[in-house]
Every structure is written in structure tokens, then in C-alpha cells.
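Here's input.txt, which has compact mmCIF, C-alpha atoms and all ligand atoms:
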```txt
# COMPACT_ATOMS: atom_id res chain seq x y z
CA MET W 15 -1.26 -39.83 -108.85
CA LYS W 16 0.46 -43.13 -108.07
CA LYS W 17 3.57 -41.85 -109.84
CA ILE W 18 3.61 -38.69 -107.78
CA ILE W 19 3.19 -40.63 -104.54
CA SER W 20 5.99 -43.00 -105.35
CA LEU W 21 8.24 -40.08 -106.39
CA VAL W 22 7.52 -38.35 -103.10
CA LEU W 23 8.23 -41.58 -101.25
CA VAL W 24 11.54 -42.05 -103.04
CA ALA W 25 12.45 -38.47 -102.33
CA LEU W 26 11.55 -38.86 -98.65
CA LEU W 27 13.58 -42.05 -98.45
CA ALA W 28 16.59 -40.37 -100.03
CA CYS W 29 16.31 -37.44 -97.65
CA SER W 30 16.12 -39.58 -94.55
CA CYS W 31 19.11 -41.60 -95.74
CA VAL W 32 21.21 -38.49 -96.17
CA LEU W 33 20.01 -37.05 -92.87
CA GLY W 34 20.69 -40.34 -91.12
CA LEU W 35 24.21 -40.50 -92.50
CA THR W 36 25.13 -36.92 -91.64
CA ALA W 37 23.61 -37.28 -88.20
CA CYS W 38 25.74 -40.37 -87.63
CA GLY W 39 28.87 -38.79 -89.04
CA GLY W 40 28.25 -35.59 -87.12
CA SER W 41 27.97 -37.23 -83.75
CA ALA W 42 30.90 -39.58 -84.35
CA GLU W 43 33.53 -37.03 -85.22
CA LYS W 44 34.23 -33.80 -83.39
CA LYS W 45 36.16 -31.09 -85.14
CA GLU W 46 39.89 -31.55 -84.62
CA LEU W 47 42.26 -29.01 -83.14
CA HIS W 48 45.90 -29.54 -84.04
CA MET W 49 48.46 -28.69 -81.38
CA ALA W 50 52.02 -28.06 -82.56
CA THR W 51 54.64 -29.11 -80.02
CA ASN W 52 58.13 -30.50 -79.61
CA ALA W 53 57.68 -33.64 -77.55
CA PHE W 54 61.14 -33.96 -76.02
CA PHE W 55 60.53 -31.71 -73.08
CA GLU W 56 59.64 -33.71 -70.00
CA PRO W 57 57.49 -33.05 -67.95
CA TYR W 58 55.59 -30.74 -70.34
CA GLU W 59 55.51 -33.01 -73.40
CA TYR W 60 57.26 -36.31 -73.98
CA TYR W 61 56.66 -39.77 -75.33
CA GLU W 62 55.33 -42.64 -73.30
CA GLY W 63 55.43 -45.34 -75.95
CA LYS W 64 53.82 -43.79 -79.01
CA GLU W 65 51.71 -41.37 -77.02
CA VAL W 66 52.64 -37.79 -76.18
CA VAL W 67 51.95 -37.17 -72.48
CA GLY W 68 52.83 -34.42 -70.02
CA ILE W 69 51.49 -31.25 -68.45
CA ASP W 70 50.85 -29.46 -71.76
CA ALA W 71 49.25 -32.52 -73.34
CA GLU W 72 46.85 -32.85 -70.40
CA ILE W 73 45.97 -29.17 -70.16
CA ALA W 74 45.37 -29.10 -73.94
CA GLN W 75 43.15 -32.16 -73.61
CA ALA W 76 41.17 -30.53 -70.82
CA ILE W 77 40.69 -27.36 -72.89
CA CYS W 78 39.55 -29.36 -75.94
CA ASP W 79 37.15 -31.41 -73.79
CA LYS W 80 35.62 -28.19 -72.48
CA LEU W 81 35.30 -26.63 -75.92
CA GLY W 82 34.13 -29.81 -77.64
CA TYR W 83 37.10 -30.44 -79.91
CA GLU W 84 39.17 -33.52 -80.57
CA LEU W 85 42.84 -32.90 -79.75
CA VAL W 86 45.49 -33.97 -82.26
CA ILE W 87 49.13 -33.49 -81.25
CA ASP W 88 51.65 -32.76 -84.02
CA ASP W 89 55.27 -33.23 -82.94
CA MET W 90 57.89 -31.09 -84.72
CA ASP W 91 61.10 -29.14 -84.12
CA PHE W 92 60.62 -26.39 -81.56
CA ASP W 93 61.60 -23.67 -84.02
CA SER W 94 58.89 -24.82 -86.48
CA ILE W 95 55.99 -24.38 -84.04
CA ILE W 96 55.32 -20.68 -84.60
CA THR W 97 55.41 -21.09 -88.39
CA ALA W 98 53.01 -24.03 -88.12
CA VAL W 99 50.63 -21.77 -86.22
CA THR W 100 50.97 -18.67 -88.43
CA SER W 101 50.56 -20.76 -91.61
CA GLY W 102 47.43 -22.43 -90.24
CA LYS W 103 48.96 -25.92 -90.34
CA ALA W 104 48.35 -26.11 -86.60
CA ASP W 105 45.53 -24.45 -84.64
CA PHE W 106 47.71 -23.67 -81.64
CA GLY W 107 51.20 -24.15 -80.27
CA MET W 108 51.85 -25.45 -76.76
CA ALA W 109 55.36 -26.49 -75.84
CA GLY W 110 56.44 -25.00 -72.55
CA MET W 111 56.60 -21.91 -74.70
CA THR W 112 57.69 -18.68 -73.09
CA VAL W 113 55.83 -15.47 -73.85
CA THR W 114 58.27 -13.02 -75.46
CA ASP W 115 57.72 -9.64 -77.16
CA GLU W 116 59.38 -10.90 -80.30
CA ARG W 117 57.06 -13.92 -80.57
CA LYS W 118 54.09 -11.63 -79.89
CA GLU W 119 54.86 -9.94 -83.18
CA SER W 120 53.89 -13.12 -85.04
CA VAL W 121 51.36 -14.85 -82.76
CA ASP W 122 48.84 -14.16 -80.00
CA PHE W 123 49.34 -15.74 -76.59
CA THR W 124 46.69 -16.89 -74.13
CA ASP W 125 46.96 -15.95 -70.48
CA SER W 126 49.89 -17.69 -68.86
CA TYR W 127 49.19 -21.14 -67.39
CA THR W 128 52.45 -21.52 -65.47
CA THR W 129 55.75 -19.84 -64.63
CA ALA W 130 59.23 -21.25 -65.13
CA THR W 131 62.89 -20.29 -64.96
CA GLN W 132 65.89 -20.80 -67.17
CA VAL W 133 68.65 -22.63 -65.34
CA ILE W 134 72.25 -23.61 -66.01
CA ILE W 135 73.30 -27.28 -66.04
CA VAL W 136 77.01 -28.01 -65.54
CA PRO W 137 79.26 -31.01 -64.80
CA GLU W 138 79.12 -32.05 -61.15
CA LYS W 139 82.91 -31.97 -60.87
CA ASP W 140 85.46 -29.34 -61.99
CA SER W 141 82.88 -27.14 -63.67
CA LYS W 142 84.27 -24.14 -65.58
CA VAL W 143 80.92 -22.43 -65.11
CA ASN W 144 79.83 -21.73 -61.54
CA ASN W 145 77.48 -18.79 -62.05
CA ALA W 146 75.78 -16.84 -64.82
CA ASP W 147 78.80 -14.52 -65.28
CA ASP W 148 81.02 -17.51 -66.10
CA LEU W 149 78.87 -18.15 -69.17
CA GLU W 150 80.53 -15.15 -70.86
CA LYS W 151 83.50 -17.19 -72.01
CA ALA W 152 82.03 -20.69 -72.01
CA ALA W 153 80.88 -23.16 -74.63
CA ILE W 154 77.13 -23.34 -74.09
CA GLY W 155 74.62 -25.86 -75.40
CA VAL W 156 71.01 -24.78 -76.00
CA GLN W 157 67.93 -25.96 -77.85
CA LEU W 158 67.61 -24.08 -81.15
CA GLY W 159 65.16 -21.18 -81.11
CA THR W 160 64.37 -21.35 -77.40
CA THR W 161 64.64 -18.50 -74.94
CA GLY W 162 67.80 -20.18 -73.61
CA ASP W 163 69.24 -19.74 -77.10
CA ILE W 164 68.06 -16.13 -77.28
CA TYR W 165 69.56 -15.17 -73.88
CA VAL W 166 73.01 -16.66 -74.42
CA SER W 167 73.17 -15.33 -77.97
CA ASP W 168 73.72 -11.92 -76.36
CA LEU W 169 77.02 -13.11 -74.85
CA LYS W 170 79.71 -11.96 -77.26
CA ASP W 171 82.57 -14.25 -76.25
CA ALA W 172 80.57 -17.38 -75.58
CA LYS W 173 80.57 -20.24 -78.06
CA ILE W 174 76.98 -21.32 -78.63
CA GLU W 175 76.11 -24.81 -79.84
CA ARG W 176 72.48 -25.11 -80.95
CA PHE W 177 70.74 -28.50 -80.90
CA ASN W 178 67.30 -29.58 -82.15
CA LYS W 179 66.59 -31.33 -78.87
CA GLY W 180 67.45 -30.32 -75.32
CA ALA W 181 68.55 -33.93 -74.74
CA ASP W 182 71.23 -33.55 -77.42
CA ALA W 183 72.59 -30.44 -75.68
CA VAL W 184 72.71 -32.40 -72.42
CA LEU W 185 74.46 -35.30 -74.18
CA ALA W 186 77.12 -32.87 -75.45
CA LEU W 187 77.56 -31.69 -71.85
CA THR W 188 78.03 -35.20 -70.49
CA GLN W 189 80.59 -35.81 -73.27
CA GLY W 190 82.50 -32.66 -72.35
CA LYS W 191 81.77 -30.99 -75.68
CA VAL W 192 80.15 -27.97 -74.02
CA ASP W 193 80.72 -26.44 -70.57
CA ALA W 194 77.10 -25.72 -69.72
CA VAL W 195 73.52 -26.05 -70.95
CA VAL W 196 70.93 -23.31 -70.48
CA ILE W 197 67.41 -24.71 -70.43
CA ASP W 198 64.06 -24.54 -68.61
CA SER W 199 64.03 -25.62 -64.98
CA GLU W 200 61.67 -28.62 -64.99
CA PRO W 201 63.17 -30.30 -68.09
CA ALA W 202 66.59 -29.59 -66.52
CA LYS W 203 65.57 -31.57 -63.44
CA ALA W 204 64.41 -34.44 -65.64
CA PHE W 205 67.75 -34.43 -67.53
CA VAL W 206 69.79 -34.33 -64.32
CA ASN W 207 67.78 -37.29 -62.97
CA GLN W 208 68.40 -39.26 -66.14
CA ASN W 209 72.14 -38.54 -66.48
CA GLU W 210 75.03 -39.17 -64.11
CA GLY W 211 77.56 -36.46 -63.28
CA ILE W 212 75.65 -33.25 -63.99
CA LYS W 213 73.92 -30.73 -61.72
CA ILE W 214 71.83 -27.56 -61.83
CA LEU W 215 73.42 -24.34 -60.55
CA ASP W 216 71.57 -22.71 -57.69
CA ASP W 217 70.79 -19.30 -59.14
CA PRO W 218 68.21 -19.31 -61.88
CA PHE W 219 69.08 -17.37 -64.99
CA ALA W 220 65.73 -15.83 -65.94
CA ASP W 221 62.03 -15.98 -64.97
CA GLU W 222 59.44 -16.74 -67.60
CA ASP W 223 55.73 -17.26 -68.26
CA TYR W 224 54.49 -20.15 -70.36
CA ALA W 225 51.40 -19.70 -72.55
CA ILE W 226 49.65 -21.18 -75.57
CA CYS W 227 50.17 -19.42 -78.90
CA LEU W 228 47.54 -19.00 -81.61
CA ALA W 229 47.32 -17.25 -84.95
CA LYS W 230 46.98 -13.49 -84.67
CA GLY W 231 43.34 -12.56 -84.23
CA SER W 232 42.22 -16.17 -83.76
CA GLU W 233 38.70 -16.51 -82.36
CA LEU W 234 39.93 -19.41 -80.27
CA THR W 235 42.16 -17.29 -78.02
CA GLU W 236 39.29 -15.94 -75.95
CA LYS W 237 37.69 -19.38 -75.67
CA PHE W 238 41.03 -20.83 -74.57
CA ASN W 239 41.37 -18.10 -71.95
CA GLU W 240 37.92 -18.85 -70.58
CA ALA W 241 38.68 -22.57 -70.45
CA LEU W 242 42.06 -21.91 -68.79
CA LYS W 243 40.41 -19.69 -66.20
CA GLU W 244 37.91 -22.42 -65.32
CA LEU W 245 40.65 -25.05 -65.18
CA LYS W 246 42.68 -22.83 -62.85
CA GLU W 247 39.70 -22.12 -60.62
CA ASP W 248 38.50 -25.70 -60.31
CA GLY W 249 42.01 -26.91 -59.45
CA THR W 250 42.55 -28.99 -62.61
CA ILE W 251 45.77 -27.20 -63.56
CA ASP W 252 47.19 -27.60 -60.05
CA LYS W 253 46.29 -31.27 -60.15
CA ILE W 254 48.02 -31.80 -63.49
CA ASN W 255 51.13 -29.95 -62.31
CA ALA W 256 51.21 -31.98 -59.10
CA LYS W 257 50.91 -35.21 -61.06
CA TYR W 258 54.05 -34.47 -63.09
CA ILE W 259 56.09 -32.21 -60.81
CA GLY W 260 54.86 -32.69 -57.27
CA ASP W 261 53.87 -29.75 -55.09
N1 LIG E 301 60.56 -22.07 -72.69
C1 LIG E 301 61.50 -22.11 -73.76
C2 LIG E 301 61.03 -21.29 -74.92
O1 LIG E 301 59.91 -20.93 -75.02
C3 LIG E 301 61.84 -23.50 -74.22
C4 LIG E 301 60.69 -24.31 -74.67
C5 LIG E 301 61.11 -25.59 -75.35
N2 LIG E 301 59.99 -26.45 -75.51
C6 LIG E 301 59.99 -27.68 -76.07
N3 LIG E 301 58.88 -28.37 -76.10
N4 LIG E 301 61.08 -28.19 -76.57
O2 LIG E 301 61.78 -20.98 -75.77
```
Full structure transcribed into C-alpha cells:
Amino acid sequence: MKKIISLVLVALLACSCVLGLTACGGSAEKKELHMATNAFFEPYEYYEGKEVVGIDAEIAQAICDKLGYELVIDDMDFDSIITAVTSGKADFGMAGMTVTDERKESVDFTDSYTTATQVIIVPEKDSKVNNADDLEKAAIGVQLGTTGDIYVSDLKDAKIERFNKGADAVLALTQGKVDAVVIDSEPAKAFVNQNEGIKILDDPFADEDYAICLAKGSELTEKFNEALKELKEDGTIDKINAKYIGD
């Protein structure tokens, strides 16, 4: 009898230990969601010290807070993001990414969380390019794999230089190595503010919608859409945009 009682006691002790440990572990760590991005795209994602900040980083954080996940941001080349998502290395991609039919063939997109335009950056003085038609025969810098790249790739006589970072395309422009850069409007403003002697042409080149991409059929897409809807309705998204862009 004594033996049985002590066995039961030992068993109970072991159980409570295990339970205690898992309960501790469980409450300490939330499940992680990995966001694939390219963090050289101010104001959507960029480094402040070692931390990635920006509109996308904050919206992603707000979504993860709502859904009870811990956000982990994985920085990579822009043209690796979709593969990271389709291969399951990342849970979602968010990078000022434009919804396109071609991308929809490999990933699902959430509802759009903001609109943007593609614009043309040129030298302030003696620019060869003064409107979209002038791009036909120009040397154009773009970020590899972006919609800017896709649009200008249709121009037969243009010479396209593709860079891993938008900043490198802008550097080539300031050095006179290309005549123009085609890139998203808000990052373009940031680049023009940071570099002397370049400007944005008045007429935008194309209108776009930004959204978050997820693996095809992902159960998260609907949850993300619900979270986005709430964040739109309660003014959080407007607040985040205003913080980085102004009204
Ligand atoms: N909106 C463009 C696209 O989807 C450019 C996005 C580039 N984003 C970035 N984080 N570098 O192709």
C-alpha cells in the first residue's frame, strides 16, 4: 500500500512539473509569424539602427497583436520575397508590394491597405527625360523585380539597369549613369529629400494598390483581412500613415 501511495505521489509530482513547465513556456512565447520584406524602402520599411521600422512594420505589428502572434521581420532582396512565401520560409510578405495579376498566380493577396503611384525621378537640371514618353529612349534605373522594372521592361529602346536596392538606382542617377529612375512615389520623395540635384516629374506613371501576400490558400489571409478591416475602421492605419507621411 505504502509503495502504491508513494508511486502515485511521484507520478503526481512528475505530472505537475511537466504541466508547470509547459504552462510557463506556453505563456512566455507566442507563435511567431515571419514577415518577408526588403527594408530599404522608406517610409514603408527601413532601418532605424538595427530595427526595421516604417508603415508596413507597424501595420504588421498591429495585425500580429490582434491575432496573438509575435512578429519577426526577415529582411531580404525584394525579388526573393514571393519565393520565401511560397516555400513557407516566411508566413507573409509585406514590402510596399503592388498587387499584380502575375504575382496572383503564385500568391494570395489580402485586401489592399494603401494606394501608391509609380513616379519618375530625374536630374533637376538638363534632364533628358521630361515625361513618360521620353523614357522610350532613356537609360532607366529600377529596383529588380519591382513593378517599376516590369513597366519599363516593355519599352523596347530603353536601356534598363536593374539594382537590388532603390537607393542604388538613385545613386546611379546622381552619378549620371542613368537618365531616370522609376520607383514608388513615397520612397521617391524620401530619396529626393536625401539627395541633392534630383526631382520627381509631375505626372505619375502608374497607379497601384499595396497588399500583403500569403501562400496560396493560407488560412491566415482571412484573419489578416479581418484585422486590416478593424485597423482601417478604428483609424489605426490612418494614424500610422500620418506618422510617416503626413496627411
Ligand atoms: N511597389 C513595387 C512593387 O511591388 C515596389 C516595391 C518595393 N518594395 C521594397 N520594399 N523594396 O514591385
Once you count only C-alpha atoms and all ligand atoms, what closest atom pair and distance in Å to one decimal does each residue of chain W within 6 Å of ligand LIG 301 (chain E) have, with rows by chain and rising residue number, as CSV?
```
residue,atom,partner,partner_atom,distance
W:Thr51,CA,E:LIG301,N3,5.8
W:Asn52,CA,E:LIG301,N3,4.2
W:Ala53,CA,E:LIG301,N3,5.6
W:Phe54,CA,E:LIG301,N4,5.8
W:Phe55,CA,E:LIG301,N3,4.8
W:Phe92,CA,E:LIG301,N4,5.3
W:Ala109,CA,E:LIG301,N3,4.0
W:Gly110,CA,E:LIG301,C4,4.8
W:Met111,CA,E:LIG301,O1,3.5
W:Thr112,CA,E:LIG301,O1,3.7
W:Thr160,CA,E:LIG301,O2,3.1
W:Thr161,CA,E:LIG301,O2,3.9
W:Asp198,CA,E:LIG301,N1,5.9
```
Residues near Asp182 in chain W, cut-off 9 Å, only C-alpha atoms, skip fewer than 3 positions along chain, as a PDB file with C-alpha atoms, in the coordinates of the input:
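Final file, result23.pdb:
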```pdb
ATOM      1  CA  GLY W 155      74.620 -25.860 -75.400  1.00  0.00           C
ATOM      2  CA  VAL W 156      71.010 -24.780 -76.000  1.00  0.00           C
ATOM      3  CA  GLN W 157      67.930 -25.960 -77.850  1.00  0.00           C
ATOM      4  CA  PHE W 177      70.740 -28.500 -80.900  1.00  0.00           C
ATOM      5  CA  ASN W 178      67.300 -29.580 -82.150  1.00  0.00           C
ATOM      6  CA  LYS W 179      66.590 -31.330 -78.870  1.00  0.00           C
ATOM      7  CA  LEU W 185      74.460 -35.300 -74.180  1.00  0.00           C
ATOM      8  CA  ALA W 186      77.120 -32.870 -75.450  1.00  0.00           C
ATOM      9  CA  LEU W 187      77.560 -31.690 -71.850  1.00  0.00           C
TER      10      LEU W 187
END
```
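Checking W:Thr114, W:Asn209, W:Thr250, W:Ser120 one by one against Thr100 in chain W, counting only C-alpha atoms, you find the shortest gap at W:Ser120.
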> Restricting the calculation to all atoms listed in the file, which member of W:Gly260, W:Gly190, W:Gly159, W:Gly231 is positioned closest to Val99 in chain W?
Replying inline: W:Gly231
>> I'd like the contact shell of Phe205 in chain W - 10 Å cut-off, only C-alpha atoms, skipping same-chain residues fewer than 6 positions apart - returned as an MDAnalysis selection string.
In response: chainID W and resid 55:56 135 180:181 184:185 199 212:214
>> Using Å and a single decimal, report how far CA of Tyr61 in chain W sits from CA of Thr124 in chain W.
In response: 25.0 Å
> By how many Å are CA of Ile254 in chain W and CA of Gly162 in chain W apart?
Replying inline: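 Calculated distance between CA of Ile254 in chain W and CA of Gly162 in chain W is 25.1 Å.
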>> Report, in Å to a single decimal, how far apart CA of Asn145 in chain W and CA of Asp217 in chain W are.
In response: 7.3 Å
>> Give me, as a PyMOL selection string, all polymer residues having an atom no more than 12 Å from range 84-89 of chain W, counting all atoms listed in the file and skipping those fewer than 3 positions away in the same chain.
In response: chain W and resi 42-55+59-61+64-68+70-81+92-95+98-99+103-109
>> With distances taken over all atoms listed in the file, which residue among W:Ile259, W:Glu247, W:Thr235, W:Lys230 lies nearest Ser101 in chain W?
In response: W:Lys230
> Pick the closest to Pro218 in chain W from W:Val206, W:Val166, W:Ala146, W:Ile251: which is it, counting only C-alpha atoms?
Replying inline: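 Ranked by minimum distance to Pro218 in chain W, first place goes to W:Ala146.
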